[in-house]
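**Student:** Attaching a single structure in structure tokens format; questions to follow.
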Amino acid sequence: MVYLELFLSFLKIGFTSFGGMSMIPLILEEMQGHGWMGVEDMANLVAIAEMTPGPLGVNCATFAGTQAAGVFGGIAAVAGVLSPAFTLTLLAAVFFERFRESEGMKAIMGFVKPICIAIILEVVVTLSRENYTIAGKVRPASVGIGLLMLYLLVKRKWPVPRVLASAAALGVLCYGVIPALLPA
């Protein structure tokens, strides 16, 4: 019965919150309302959920469900908090597939695609300014690393984790090790 209660509690949280910190008061209310956690446990929940990688809602659900009812409680809570997003995504996919060839959907996508491309390009420009310049001056080593990684990714078909690790290693070398070896 506790598994169903956990699932329903986190289903409600998933449908009524917008993720992130907005979930915390709802989780606190549910956990205290059912007697699963106290305020001190909730403070630990938030701290652990913030420290671990992944979405805050899933981390909170995992911790709270596990604290309340063990591993299966964690599974029930995570299933509950993810169900709204899964359901809405599934519905969107079904409707998109159904109306993909309609003139209305083609018109909408003709409008949305350029906006998405513009947003992505704006992020690339902003991050490029941040990563490839300092005080308005181009950082040649950064540009070189970026171009090398683009080449390895596009032309040599390196996997993304390998490219990221290589870029990180070159960054440490260029901006940490080599400057430390040079006389001041």
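We name chains A, B, ... following the order of the structure tokens; residues begin at 1 in each chain, and ligands are numbered from 1 as shown.
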Just the residues within 12 Å of Arg129 of chain A, please, counting only C-alpha atoms, with nothing from its chain fewer than 5 positions along; format it as a list in words.
**Tutor:** Glu122, Val123, Val124, Ile134, Ala135, Gly136, Lys137, Val138, Arg139, Ser142 and Val143 of chain A
**Student:** Just the selected residues (N, CA and C atoms), exported as a PDB file, in the first residue's frame, please.
**Tutor:**
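This went into part25.pdb:
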ATOM      1  N   GLU A 122      22.687  31.546 -31.160  1.00  0.00           N
ATOM      2  CA  GLU A 122      22.934  32.568 -30.139  1.00  0.00           C
ATOM      3  C   GLU A 122      23.724  31.985 -28.978  1.00  0.00           C
ATOM      4  N   VAL A 123      23.395  30.759 -28.577  1.00  0.00           N
ATOM      5  CA  VAL A 123      24.131  30.091 -27.502  1.00  0.00           C
ATOM      6  C   VAL A 123      25.571  29.831 -27.936  1.00  0.00           C
ATOM      7  N   VAL A 124      25.755  29.382 -29.171  1.00  0.00           N
ATOM      8  CA  VAL A 124      27.110  29.126 -29.677  1.00  0.00           C
ATOM      9  C   VAL A 124      27.937  30.413 -29.664  1.00  0.00           C
ATOM     10  N   ILE A 134      39.282  36.634 -23.826  1.00  0.00           N
ATOM     11  CA  ILE A 134      39.404  37.120 -22.451  1.00  0.00           C
ATOM     12  C   ILE A 134      39.711  38.610 -22.554  1.00  0.00           C
ATOM     13  N   ALA A 135      38.924  39.405 -21.893  1.00  0.00           N
ATOM     14  CA  ALA A 135      39.050  40.866 -21.947  1.00  0.00           C
ATOM     15  C   ALA A 135      39.041  41.358 -23.389  1.00  0.00           C
ATOM     16  N   GLY A 136      38.219  40.738 -24.218  1.00  0.00           N
ATOM     17  CA  GLY A 136      38.078  41.157 -25.607  1.00  0.00           C
ATOM     18  C   GLY A 136      39.165  40.662 -26.544  1.00  0.00           C
ATOM     19  N   LYS A 137      40.154  39.933 -26.026  1.00  0.00           N
ATOM     20  CA  LYS A 137      41.249  39.429 -26.862  1.00  0.00           C
ATOM     21  C   LYS A 137      41.077  37.933 -27.087  1.00  0.00           C
ATOM     22  N   VAL A 138      41.338  37.512 -28.319  1.00  0.00           N
ATOM     23  CA  VAL A 138      41.204  36.098 -28.684  1.00  0.00           C
ATOM     24  C   VAL A 138      42.289  35.285 -27.987  1.00  0.00           C
ATOM     25  N   ARG A 139      41.893  34.132 -27.487  1.00  0.00           N
ATOM     26  CA  ARG A 139      42.828  33.198 -26.845  1.00  0.00           C
ATOM     27  C   ARG A 139      43.176  32.127 -27.880  1.00  0.00           C
ATOM     28  N   SER A 142      42.753  28.372 -27.023  1.00  0.00           N
ATOM     29  CA  SER A 142      41.351  27.955 -26.932  1.00  0.00           C
ATOM     30  C   SER A 142      40.754  27.739 -28.320  1.00  0.00           C
ATOM     31  N   VAL A 143      41.043  28.665 -29.226  1.00  0.00           N
ATOM     32  CA  VAL A 143      40.540  28.530 -30.596  1.00  0.00           C
ATOM     33  C   VAL A 143      41.123  27.271 -31.232  1.00  0.00           C
TER      34      VAL A 143
END
**Student:** With only C-alpha atoms as the counted atoms, please give the residues lying no more than 12 Å from segment 16-33 of chain A, apart from itself and same-chain residues fewer than 2 positions off, as a count of residues only.
**Tutor:** 47
**Student:** From a DSSP pass on the backbone, collect the residues of segment 76-178 of chain A flagged as strand (DSSP E or B) and hand them back as an MDAnalysis selection string.
**Tutor:** chainID A and resid 133:134 137:138
**Student:** May I ask for the distance between atom CA of Ala92 of chain A and atom CA of Val78 of chain A, given in Å to one decimal place?
**Tutor:**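 It comes out at 21.4 Å.
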**Student:** Have a look at atom CA of Glu130 of chain A and atom CA of Gly146 of chain A and let me know their distance in Å, one decimal.
**Tutor:** 12.6 Å
